[in-house]
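Engineer: Structure: start_35.cif, mmCIF, C-alpha atoms.
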```cif
data_start
#
loop_
_atom_site.label_atom_id
_atom_site.label_comp_id
_atom_site.auth_asym_id
_atom_site.auth_seq_id
_atom_site.Cartn_x
_atom_site.Cartn_y
_atom_site.Cartn_z
CA MET A 30 110.88 152.64 -210.41
CA GLU A 31 110.31 149.25 -208.82
CA PRO A 32 107.53 149.03 -206.26
CA THR A 33 108.60 148.66 -202.62
CA ASP A 34 107.87 145.60 -200.50
CA ALA A 35 105.13 147.51 -198.69
CA GLU A 36 103.43 148.44 -201.97
CA LEU A 37 103.62 144.86 -203.25
CA ILE A 38 102.26 143.48 -199.96
CA ALA A 39 99.38 145.99 -200.00
CA ALA A 40 98.55 144.96 -203.58
CA VAL A 41 98.54 141.26 -202.64
CA ILE A 42 96.27 141.94 -199.66
CA ARG A 43 93.89 143.87 -201.98
CA GLY A 44 93.61 140.71 -204.12
CA ASP A 45 96.30 141.19 -206.76
CA SER A 46 98.05 137.84 -206.26
CA ALA A 47 100.44 138.51 -209.18
CA SER A 48 102.20 141.10 -207.01
CA PHE A 49 103.47 138.26 -204.84
CA GLU A 50 105.77 136.99 -207.62
CA PRO A 51 108.33 139.86 -207.33
CA LEU A 52 108.49 139.21 -203.57
CA ILE A 53 109.28 135.54 -204.20
CA ALA A 54 111.90 136.44 -206.80
CA LYS A 55 113.54 138.89 -204.39
CA TYR A 56 113.78 136.65 -201.31
CA GLN A 57 113.86 133.08 -202.60
CA ALA A 58 117.68 132.87 -202.61
CA ARG A 59 117.81 133.66 -198.88
CA VAL A 60 115.06 131.18 -198.12
CA PHE A 61 116.87 128.50 -200.14
CA ALA A 62 120.10 129.17 -198.20
CA THR A 63 118.23 128.80 -194.90
CA ALA A 64 116.44 125.63 -195.99
CA ARG A 65 119.73 124.05 -197.09
CA ARG A 66 121.02 124.34 -193.52
CA TYR A 67 118.31 121.96 -192.34
CA ALA A 68 117.72 119.62 -195.29
CA ARG A 69 120.28 117.99 -197.55
CA ARG A 70 118.19 116.53 -200.35
CA GLU A 71 117.34 119.08 -203.01
CA SER A 72 113.74 117.81 -203.31
CA GLU A 73 113.25 118.40 -199.57
CA VAL A 74 114.79 121.86 -199.81
CA GLU A 75 112.41 122.79 -202.63
CA ASP A 76 109.43 121.48 -200.65
CA ILE A 77 110.44 123.59 -197.65
CA VAL A 78 110.88 126.76 -199.72
CA GLN A 79 107.57 126.20 -201.46
CA GLU A 80 105.84 125.75 -198.12
CA VAL A 81 107.45 128.90 -196.74
CA PHE A 82 106.11 131.04 -199.57
CA ILE A 83 102.66 129.44 -199.50
CA LYS A 84 102.45 130.10 -195.75
CA ALA A 85 103.71 133.65 -196.32
CA TYR A 86 101.01 134.25 -198.93
CA GLN A 87 98.29 132.86 -196.68
CA LYS A 88 99.45 134.79 -193.61
CA LEU A 89 100.31 138.02 -195.36
CA GLY A 90 97.21 139.69 -193.91
CA GLY A 91 98.79 139.26 -190.47
CA PHE A 92 101.98 141.09 -191.46
CA ARG A 93 101.76 144.42 -189.69
CA GLY A 94 104.84 146.00 -191.18
CA GLU A 95 106.46 146.77 -187.81
CA ALA A 96 109.61 144.87 -188.86
CA PRO A 97 110.97 144.52 -192.41
CA PHE A 98 109.22 141.90 -194.52
CA GLU A 99 112.51 140.00 -194.85
CA HIS A 100 112.71 139.45 -191.06
CA TRP A 101 109.11 138.26 -190.96
CA LEU A 102 109.74 135.90 -193.88
CA MET A 103 112.95 134.50 -192.43
CA ARG A 104 111.23 133.84 -189.12
CA LEU A 105 108.58 131.92 -191.03
CA ALA A 106 111.31 130.07 -192.93
CA VAL A 107 113.12 128.98 -189.76
CA ARG A 108 109.86 127.82 -188.17
CA THR A 109 108.98 125.85 -191.30
CA CYS A 110 112.43 124.23 -191.23
CA TYR A 111 111.88 123.33 -187.58
CA ASP A 112 108.53 121.75 -188.45
CA PHE A 113 110.28 119.82 -191.22
CA LEU A 114 112.92 118.54 -188.76
CA ARG A 115 110.24 117.46 -186.29
CA ALA A 116 108.26 115.72 -189.02
CA HIS A 117 111.36 113.83 -190.20
CA GLN A 118 113.03 113.15 -186.84
CA ARG A 119 112.46 109.41 -187.16
CA ASN A 120 114.74 109.42 -190.20
CA ARG A 121 117.66 110.78 -188.15
CA GLU A 122 120.90 108.93 -188.62
CA THR A 123 121.65 106.60 -185.74
CA ALA A 124 125.04 105.07 -186.47
CA PHE A 125 128.41 106.27 -187.65
CA THR A 126 129.32 103.16 -189.56
CA GLU A 127 128.60 105.11 -192.73
CA LEU A 128 131.42 107.69 -192.26
CA THR A 129 133.04 108.22 -195.63
CA GLN A 130 136.72 107.71 -196.26
CA PRO A 131 137.50 111.47 -196.50
CA GLU A 132 135.67 112.01 -193.19
CA CYS A 133 137.69 109.22 -191.53
CA ASP A 134 140.89 110.68 -193.01
CA TRP A 135 140.03 114.13 -191.68
CA LEU A 136 139.37 112.69 -188.21
CA ASP A 137 142.70 110.81 -188.36
CA GLN A 138 144.41 114.03 -189.33
CA TYR A 139 142.70 115.83 -186.44
CA VAL A 140 143.69 113.13 -183.94
CA THR A 141 147.33 113.13 -184.98
CA ALA A 142 147.74 116.89 -185.46
CA PRO A 143 144.64 118.92 -184.48
CA ASP A 144 146.07 122.20 -185.70
CA ASN A 145 146.78 120.82 -189.17
CA ALA A 146 143.24 119.56 -189.77
CA ASP A 147 141.85 121.97 -192.35
CA GLU A 148 138.55 123.59 -191.32
CA ASN A 149 137.85 124.44 -194.93
CA ALA A 150 137.97 120.83 -196.04
CA ASP A 151 134.80 119.34 -197.51
CA ALA A 152 135.25 116.35 -195.21
CA ALA A 153 134.97 118.57 -192.12
CA ARG A 154 131.78 120.11 -193.47
CA GLN A 155 130.31 116.73 -194.30
CA LEU A 156 131.17 115.55 -190.81
CA ILE A 157 129.49 118.49 -189.08
CA HIS A 158 126.39 117.98 -191.25
CA ARG A 159 126.35 114.34 -190.26
CA ILE A 160 126.56 115.27 -186.59
CA LEU A 161 123.85 117.92 -186.93
CA ALA A 162 121.62 115.34 -188.61
CA ARG A 163 121.86 113.22 -185.45
CA LEU A 164 120.76 115.98 -183.08
CA SER A 165 117.15 116.34 -181.96
CA PRO A 166 115.20 119.01 -183.93
CA SER A 167 115.30 121.65 -181.18
CA ASN A 168 119.01 121.05 -180.49
CA ARG A 169 119.85 121.22 -184.17
CA LEU A 170 117.90 124.45 -184.53
CA VAL A 171 119.67 126.06 -181.56
CA ILE A 172 123.15 124.96 -182.67
CA THR A 173 122.50 126.21 -186.20
CA LEU A 174 121.18 129.59 -185.10
CA LEU A 175 123.49 130.19 -182.16
CA GLU A 176 126.77 128.62 -183.19
CA ILE A 177 126.75 128.55 -187.00
CA GLU A 178 124.71 131.64 -187.86
CA GLU A 179 126.03 133.37 -184.70
CA ARG A 180 122.73 134.92 -183.70
CA THR A 181 122.10 136.23 -180.21
CA VAL A 182 119.90 134.48 -177.66
CA LYS A 183 117.38 137.33 -177.97
CA GLU A 184 117.19 136.96 -181.73
CA ILE A 185 116.70 133.21 -181.39
CA ALA A 186 113.92 133.79 -178.88
CA GLU A 187 112.20 136.12 -181.37
CA ILE A 188 112.62 133.72 -184.29
CA THR A 189 111.50 130.58 -182.49
CA GLY A 190 108.95 132.08 -180.14
CA TRP A 191 110.71 130.45 -177.18
CA SER A 192 111.51 132.41 -174.01
CA ILE A 193 115.10 133.58 -173.44
CA PRO A 194 115.69 131.16 -170.50
CA LEU A 195 114.34 128.30 -172.66
CA VAL A 196 116.77 129.18 -175.46
CA LYS A 197 119.65 129.16 -172.96
CA VAL A 198 118.60 125.81 -171.53
CA ARG A 199 118.20 124.31 -175.00
CA ALA A 200 121.56 125.71 -176.11
CA PHE A 201 123.23 124.10 -173.09
CA ARG A 202 121.54 120.77 -173.82
CA ALA A 203 122.35 121.01 -177.53
CA ARG A 204 126.07 121.54 -176.90
CA ALA A 205 126.02 118.63 -174.44
CA GLU A 206 124.29 116.36 -176.98
CA MET A 207 126.79 117.35 -179.64
CA ARG A 208 129.73 116.62 -177.36
CA LYS A 209 128.18 113.26 -176.51
CA ILE A 210 127.91 112.39 -180.21
CA LEU A 211 131.51 113.45 -180.82
CA ALA A 212 132.67 111.38 -177.85
CA LYS A 213 130.78 108.42 -179.29
CA ILE A 214 132.45 108.86 -182.68
CA THR A 215 135.90 108.95 -181.21
CA LYS A 216 135.12 106.00 -178.96
CA GLU A 217 133.78 103.92 -181.87
CA LYS A 218 136.69 104.81 -184.09
CA TYR A 219 139.69 104.90 -181.81
CA MET A 220 138.96 102.58 -178.88
CA MET B 19 141.36 114.08 -178.10
CA LYS B 20 138.87 116.43 -176.45
CA PRO B 21 135.33 116.48 -177.84
CA ASN B 22 135.12 120.16 -176.87
CA ASP B 23 137.97 121.11 -179.19
CA LEU B 24 136.66 118.93 -181.99
CA GLN B 25 133.24 120.54 -181.55
CA THR B 26 134.73 124.03 -181.80
CA LYS B 27 136.72 123.08 -184.88
CA LEU B 28 133.73 121.52 -186.65
CA ILE B 29 131.51 124.50 -185.84
CA ARG B 30 134.15 126.80 -187.29
CA ALA B 31 134.14 124.59 -190.40
CA ALA B 32 130.36 124.97 -190.67
CA ARG B 33 130.62 128.77 -190.27
CA GLN B 34 133.13 128.98 -193.09
CA GLU B 35 130.88 127.11 -195.48
CA PRO B 36 129.62 129.56 -198.12
CA LEU B 37 125.87 130.10 -198.34
CA GLN B 38 124.27 127.84 -200.91
CA ASP B 39 121.61 130.16 -202.24
CA ARG B 40 121.24 128.96 -205.81
CA VAL B 41 117.64 128.84 -207.01
CA PRO B 42 116.16 126.43 -209.56
CA TYR B 43 115.10 128.03 -212.84
CA ALA B 44 111.69 129.80 -212.72
CA PHE B 45 111.03 128.59 -209.19
CA GLU B 46 108.84 131.64 -208.46
CA ARG B 47 106.53 130.65 -211.32
CA ARG B 48 106.18 127.19 -209.86
CA ILE B 49 105.07 128.71 -206.56
CA MET B 50 102.66 131.07 -208.31
CA ALA B 51 101.11 128.12 -210.16
CA ARG B 52 100.75 126.28 -206.88
CA LEU B 53 99.14 129.33 -205.27
CA ALA B 54 96.68 129.65 -208.17
CA ALA B 55 95.72 126.02 -207.74
CA LEU B 56 95.17 126.55 -204.01
CA GLN B 57 92.81 129.50 -204.37
CA PRO B 58 89.13 128.61 -203.66
CA VAL B 59 86.69 128.46 -206.57
CA ASN B 60 84.42 131.53 -206.71
CA LEU B 61 80.96 130.22 -207.63
CA TRP B 62 79.63 133.69 -208.49
CA ALA B 63 82.47 134.27 -210.90
CA LEU B 64 81.92 130.82 -212.36
CA TRP B 65 78.22 131.65 -212.99
CA GLY B 66 78.82 135.28 -213.88
CA ARG B 67 80.87 134.65 -217.00
CA PRO B 68 78.33 132.49 -218.92
CA LEU B 69 75.47 134.69 -217.72
CA TRP B 70 77.12 137.81 -219.10
CA ARG B 71 77.69 136.03 -222.41
CA ALA B 72 74.05 134.97 -222.54
CA ALA B 73 72.88 138.50 -221.72
CA LEU B 74 75.03 140.01 -224.47
CA SER B 75 73.71 137.44 -226.97
CA CYS B 76 70.13 138.32 -226.01
CA VAL B 77 70.75 142.04 -226.43
CA ALA B 78 72.34 141.45 -229.83
CA LEU B 79 69.39 139.29 -230.93
CA THR B 80 66.89 141.92 -229.76
CA VAL B 81 68.70 144.65 -231.69
CA LEU B 82 68.78 142.48 -234.82
CA CYS B 83 65.06 141.69 -234.54
CA GLY B 84 64.31 145.38 -234.11
CA ILE B 85 66.28 146.32 -237.19
CA TRP B 86 64.64 143.52 -239.19
CA SER B 87 61.11 144.53 -238.14
CA MET B 88 61.76 148.15 -239.03
CA THR B 89 63.12 147.35 -242.46
CA ALA B 90 60.70 144.54 -243.37
CA ALA B 91 57.41 146.21 -242.18
CA PRO B 92 54.86 146.96 -245.04
CA LYS B 93 54.28 150.61 -245.95
CA ALA B 94 51.19 152.14 -244.35
CA ASP B 95 49.65 153.62 -247.55
CA ALA B 96 50.14 150.52 -249.75
CA THR B 97 47.18 148.62 -248.21
CA ASP B 98 44.62 149.14 -245.48
CA SER B 99 46.04 149.39 -242.08
CA PHE B 100 45.86 146.28 -239.96
CA SER B 101 43.61 147.98 -237.39
CA GLN B 102 40.99 148.88 -239.98
CA ALA B 103 40.94 145.33 -241.36
CA PHE B 104 40.71 143.97 -237.84
CA ASP B 105 37.81 146.26 -236.99
CA ARG B 106 35.92 145.21 -240.09
CA ALA B 107 36.40 141.51 -239.36
CA VAL B 108 35.34 141.81 -235.72
CA PHE B 109 32.30 144.02 -236.30
CA ALA B 110 31.15 142.41 -239.57
CA SER B 111 28.41 140.36 -237.94
CA SER B 112 27.15 143.19 -235.77
CA ASP B 113 27.09 145.55 -238.77
CA GLN B 114 24.98 143.03 -240.67
CA HIS B 115 22.61 142.69 -237.72
CA LEU B 116 22.20 146.46 -237.37
CA GLU B 117 21.45 146.83 -241.09
CA ASP B 118 18.72 144.19 -240.76
CA VAL B 119 17.18 145.97 -237.78
CA TRP B 120 17.12 149.35 -239.48
#
```
How would this structure read if it were set down as structure tokens?
Structural biologist:
Amino acid sequence: MEPTDAELIAAVIRGDSASFEPLIAKYQARVFATARRYARRESEVEDIVQEVFIKAYQKLGGFRGEAPFEHWLMRLAVRTCYDFLRAHQRNRETAFTELTQPECDWLDQYVTAPDNADENADAARQLIHRILARLSPSNRLVITLLEIEERTVKEIAEITGWSIPLVKVRAFRARAEMRKILAKITKEKYM
Amino acid sequence: MKPNDLQTKLIRAARQEPLQDRVPYAFERRIMARLAALQPVNLWALWGRPLWRAALSCVALTVLCGIWSMTAAPKADATDSFSQAFDRAVFASSDQHLEDVW
């Protein structure tokens, strides 16, 4: 029978660092999926995931077991991604001159017949990633958690450590910033 | 074109994107190696290992010397014992002196 998370964590805290490897193997796919929402380059994603697990190992003594280990780890992962965004915010894209041809085609399609523009198209996904990359770190985090991952305001407050009113204010500002970026795109492209 | 509608459509596109949770081969081992490199050096452990080796070598040498001394020692009845020879050498002059006096 495989040891439980609690048994593995207790072993790591006692000094058996090898017991941490099964925990990494079990949760790394989820952490990779989270990191890929905030970073595009694979080298950056790997750096984030590595940092998440190193932090988890170092802070494992503070894990009290009140919530499942997965929740604790994912909270750490989101906070690490937020730190990554803040550290790299100077590299944010600033212009839309680099829209690819498929992205332009998708926008054209949307402008001419909004209902026919396929939401499953790669171009639409690339476009939303490009827009997210232009948002400020806190706005990107809120849009990702609230709109894309469809988490509640309370959950976001728990993950980020922000108060519930602050999450609401940031969500409002994030949507406004996103609309502003979209308005700018359409203005640059069609006016 | 309304930015609100475009925003909703693009967010729906992002929601429909499947999770990309592939993991590079043996990534957990890479992290474990990194963790091992990060752990502080324990000076006692660093000293302890060679000291234990030295102690074991000393014990082995002592045992060997003991065995050698037991096997190589001369038999007691073959010659005079060492203590008798020693006594004679030390008290030789005093014996001579006493004989002269008497």
Engineer: Using only C-alpha atoms and a distance of at most 8 Å, pull out the residues of chain A that contact chain B, as a ChimeraX atom specification.
Structural biologist: /A:47,50,53-54,57-62,65,79,82-83,140,148-150,153-154,156-157,176-178,207-209,211-212
Engineer: What is the atom CA of A:Ile160-atom CA of A:Glu184 distance in Å, reported with one decimal?
Structural biologist: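 Atom-to-atom, atom CA of A:Ile160 and atom CA of A:Glu184 are spaced 24.1 Å apart.
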Engineer: Excluding stretch 109-116 of chain A and any residue of its chain fewer than 6 positions from it, enumerate the residues within 9 Å of it, using only C-alpha atoms, and give them as a JSON list (two decimals) with C-alpha atoms, in the coordinates of the input.
Structural biologist:
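Final file, out.json:
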```
[["chain", "number", "residue", "atom", "x", "y", "z"],
["A", 63, "THR", "CA", 118.23, 128.80, -194.90],
["A", 64, "ALA", "CA", 116.44, 125.63, -195.99],
["A", 66, "ARG", "CA", 121.02, 124.34, -193.52],
["A", 67, "TYR", "CA", 118.31, 121.96, -192.34],
["A", 68, "ALA", "CA", 117.72, 119.62, -195.29],
["A", 73, "GLU", "CA", 113.25, 118.40, -199.57],
["A", 77, "ILE", "CA", 110.44, 123.59, -197.65],
["A", 78, "VAL", "CA", 110.88, 126.76, -199.72],
["A", 80, "GLU", "CA", 105.84, 125.75, -198.12],
["A", 81, "VAL", "CA", 107.45, 128.90, -196.74],
["A", 84, "LYS", "CA", 102.45, 130.10, -195.75],
["A", 165, "SER", "CA", 117.15, 116.34, -181.96],
["A", 166, "PRO", "CA", 115.20, 119.01, -183.93],
["A", 167, "SER", "CA", 115.30, 121.65, -181.18],
["A", 169, "ARG", "CA", 119.85, 121.22, -184.17],
["A", 170, "LEU", "CA", 117.90, 124.45, -184.53],
["A", 189, "THR", "CA", 111.50, 130.58, -182.49]]
```
Engineer: Translate the PyMOL selection byres ((chain A and resi 98) around 10), as applied to the file shown, into an explicit residue set as an NGL selection string.
Structural biologist: :A and (34-35 or 38 or 52 or 56 or 89 or 92-97 or 99-104)
Engineer: Would you mind listing what lies within 9 Å of A:Tyr86 as a list in words, with only C-alpha atoms counted and same-chain residues fewer than 6 positions away left out?
Structural biologist: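 So the residues in contact are Val41, Ser46 and Phe49 of chain A; Leu53 of chain B.
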Engineer: Between atom CA of A:Gln155 and atom CA of A:Gln130, measure the distance and give it in Å to one decimal.
Structural biologist: 11.2 Å
Engineer: So that all listed atoms of stretch 137-144 of chain A fit with 6 Å spare on each side, what axis-aligned box centre and edge lengths in Å, to one decimal, would you give as lines of an AutoDock Vina configuration file?
Structural biologist:
```
center_x = 145.2
center_y = 116.5
center_z = -186.6
size_x = 17.0
size_y = 23.4
size_z = 17.4
```
Engineer: What does the structure give for the distance between atom CA of A:Thr33 and atom CA of A:Ser48, in Å to one decimal?
Structural biologist: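 These two atoms are separated by 10.8 Å.
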Engineer: Given the choices A:Ile188, A:Ala152, A:Leu195, A:Leu105, which gets closest to A:Leu174 if the distance is worked out from only C-alpha atoms?
Structural biologist: A:Ile188
Engineer: If I only have part of stretch 61-74 of chain A, can you fill in N, CA and C atoms and write it as a compact mmCIF listing (two decimals), in the frame of the given file?
Structural biologist:
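Below you can see rebuild.txt, which holds the result:
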```txt
# COMPACT_ATOMS: atom_id res chain seq x y z
N PHE A 61 116.19 129.73 -199.72
CA PHE A 61 116.87 128.50 -200.14
C PHE A 61 118.11 128.25 -199.27
N ALA A 62 118.88 129.31 -199.02
CA ALA A 62 120.10 129.17 -198.20
C ALA A 62 119.75 128.69 -196.80
N THR A 63 118.67 129.22 -196.25
CA THR A 63 118.23 128.80 -194.90
C THR A 63 117.79 127.35 -194.93
N ALA A 64 116.98 127.00 -195.91
CA ALA A 64 116.44 125.63 -195.99
C ALA A 64 117.57 124.60 -196.16
N ARG A 65 118.62 124.99 -196.87
CA ARG A 65 119.73 124.05 -197.09
C ARG A 65 120.54 123.79 -195.81
N ARG A 66 120.35 124.61 -194.80
CA ARG A 66 121.02 124.34 -193.52
C ARG A 66 120.33 123.20 -192.77
N TYR A 67 119.08 122.95 -193.11
CA TYR A 67 118.31 121.96 -192.34
C TYR A 67 117.97 120.70 -193.15
N ALA A 68 118.04 120.80 -194.46
CA ALA A 68 117.72 119.62 -195.29
C ALA A 68 118.82 119.46 -196.32
N ARG A 69 119.18 118.24 -196.61
CA ARG A 69 120.28 117.99 -197.55
C ARG A 69 119.78 117.69 -198.96
N ARG A 70 118.69 116.90 -199.02
CA ARG A 70 118.19 116.53 -200.35
C ARG A 70 117.53 117.74 -201.01
N GLU A 71 117.83 117.90 -202.30
CA GLU A 71 117.34 119.08 -203.01
C GLU A 71 115.80 119.08 -203.11
N SER A 72 115.22 117.88 -203.23
CA SER A 72 113.74 117.81 -203.31
C SER A 72 113.12 118.29 -201.99
N GLU A 73 113.76 117.95 -200.87
CA GLU A 73 113.25 118.40 -199.57
C GLU A 73 113.41 119.91 -199.41
N VAL A 74 114.54 120.41 -199.88
CA VAL A 74 114.79 121.86 -199.81
C VAL A 74 113.71 122.62 -200.60
```
